[in-house]
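> Quick one: the structure is below, questions incoming.
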Amino acid sequence: IVTITQSSGTGTIGGVTDNGNGTYTATVTSPTAVGSGVFVATLGGAQVKSGGGTQTQSTITYIPGPATKYLVSSSSYSPVAGSNVTITAQLADVNGNPVLTAGKIVTWTKTGTGGSFGSGTSTTSASGIATVTFTTSTVSGTVHTVTGTDAGALTGTSTAITTIPGAATKYLVTSSGYSPVAGSDVTITAQLADVNGNPVL
């Protein structure tokens, strides 16, 4: 009886087929993630060896598929309003495995009022990664998403980036009336705020 089993790594192996000609085969189903699997055989319960050496093994290496998208991420998803974040776009296959392709020109767009990019385009490195600096809106509570798209129509969009107030630097002092009748009351309010005037709670 011949068995073929996985000794380490990933992948799933099916049953063994006797081909009737002295060969035996089994189908390995690769995982969705890159990596490798090591497979070995036994014959009548004894290890199949090459001469007097150790048990013969077969290593299967799983590689990325063709690029289908970008995985776009931010160095922060709750940045201080008006601060910079680094946006990264990783070229990837359908299962999210990195695809190592240099020279792709990625064009950046964003949603949300305000905010700006350090550059309108970036080029992927040998690791398939393009980066850009994004300066967020100066208004706290602004929600941005950033999208990277190349000439081949491969694209990807980040999850929401929501700005928050910075450290308190001042008070915004207001009055309930700026031309009150002489002798009447007005209410004066002092709101703690950051450098951009966003309320600090």
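Residue numbering restarts at 1 in every chain; chains get A, B, ... in the order shown in the structure tokens, and ligands count up from 1 in that same order.
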Can you tell me which residues surround range 71-84 of chain A at a distance of at most 7 Å, considering only C-alpha atoms, apart from same-chain residues fewer than 4 positions away, and format the answer as JSON, numbers by chain?
{"A": [88, 89, 90, 91, 92, 133, 134, 135, 136, 137, 138, 139, 140, 156, 157, 158, 160, 161, 162, 163, 164, 165, 166]}
> Give me the residues of range 76-134 of chain A that have any atom at most 10 Å from an atom of range 34-44 of chain A; for each, the nearest atom pair and the distance in Å, rounded to one decimal. Use only C-alpha atoms, sort by chain and number, and format it as a tab-separated table.

```
residue	atom	partner	partner_atom	distance
A:Asn95	CA	A:Val34	CA	9.4
A:Gly96	CA	A:Val34	CA	9.7
A:Asn97	CA	A:Val34	CA	6.7
A:Pro98	CA	A:Val34	CA	9.0
```
> What does the file look like for those residues with N, CA and C atoms, as a PDB file, in the first residue's frame?

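Generated file (part-v8.pdb):
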```
ATOM      1  N   ASN A  95      -6.509  36.838  -4.023  1.00  0.00           N
ATOM      2  CA  ASN A  95      -6.573  36.376  -2.633  1.00  0.00           C
ATOM      3  C   ASN A  95      -5.840  37.293  -1.658  1.00  0.00           C
ATOM      4  N   GLY A  96      -5.335  38.420  -2.163  1.00  0.00           N
ATOM      5  CA  GLY A  96      -4.666  39.379  -1.290  1.00  0.00           C
ATOM      6  C   GLY A  96      -3.189  39.113  -1.079  1.00  0.00           C
ATOM      7  N   ASN A  97      -2.610  38.178  -1.834  1.00  0.00           N
ATOM      8  CA  ASN A  97      -1.167  37.944  -1.742  1.00  0.00           C
ATOM      9  C   ASN A  97      -0.406  39.048  -2.474  1.00  0.00           C
ATOM     10  N   PRO A  98       0.668  39.569  -1.883  1.00  0.00           N
ATOM     11  CA  PRO A  98       1.431  40.624  -2.544  1.00  0.00           C
ATOM     12  C   PRO A  98       1.992  40.164  -3.887  1.00  0.00           C
TER      13      PRO A  98
END
```
> Quick one: of A:Ala193, A:Ala182, A:Ile105, A:Val99, who's nearest to Thr124 in chain A, counting only C-alpha atoms?
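When distances to Thr124 in chain A are compared using only C-alpha atoms, the smallest one comes from A:Ile105.
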> One number please: CA of Leu192 in chain A to CA of Lys170 in chain A, in Å, one decimal.
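So the answer is 6.0 Å.
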> Enter the distance from CA of Pro199 in chain A to CA of Gly118 in chain A, in Å, rounded to one decimal.
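So the answer is 27.2 Å.
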> Which residue gives the smallest distance to Val200 in chain A among A:Gly141, A:Gly103, A:Gly177, A:Gly112, with only C-alpha atoms counted?
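Comparing A:Gly141, A:Gly103, A:Gly177, A:Gly112 against Val200 in chain A, the winner is A:Gly141.
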> CA of Leu201 in chain A to CA of Val186 in chain A: how many Å, to one decimal?
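Between these atoms lies a distance of 23.5 Å.
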> Where in range 23-157 of chain A does DSSP assign strand (DSSP E or B), given as number ranges by chain?
A: 24-29, 35-43, 46-47, 49, 55, 57-62, 69-74, 80, 84-92, 98, 105-110, 116-117, 121-123, 129-135, 143-144, 146-150, 155-157
> Using only C-alpha atoms, find the one residue out of A:Thr61, A:Thr142, A:Ser127, A:Thr149 that sits nearest to Ser30 in chain A.
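Residue with the minimum atom-to-atom distance to Ser30 in chain A: A:Thr61.
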> Closest to Gly120 in chain A among A:Ser184, A:Thr169, A:Thr147, A:Thr29, using only C-alpha atoms?
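For Gly120 in chain A, the nearest of the given residues is A:Thr147.
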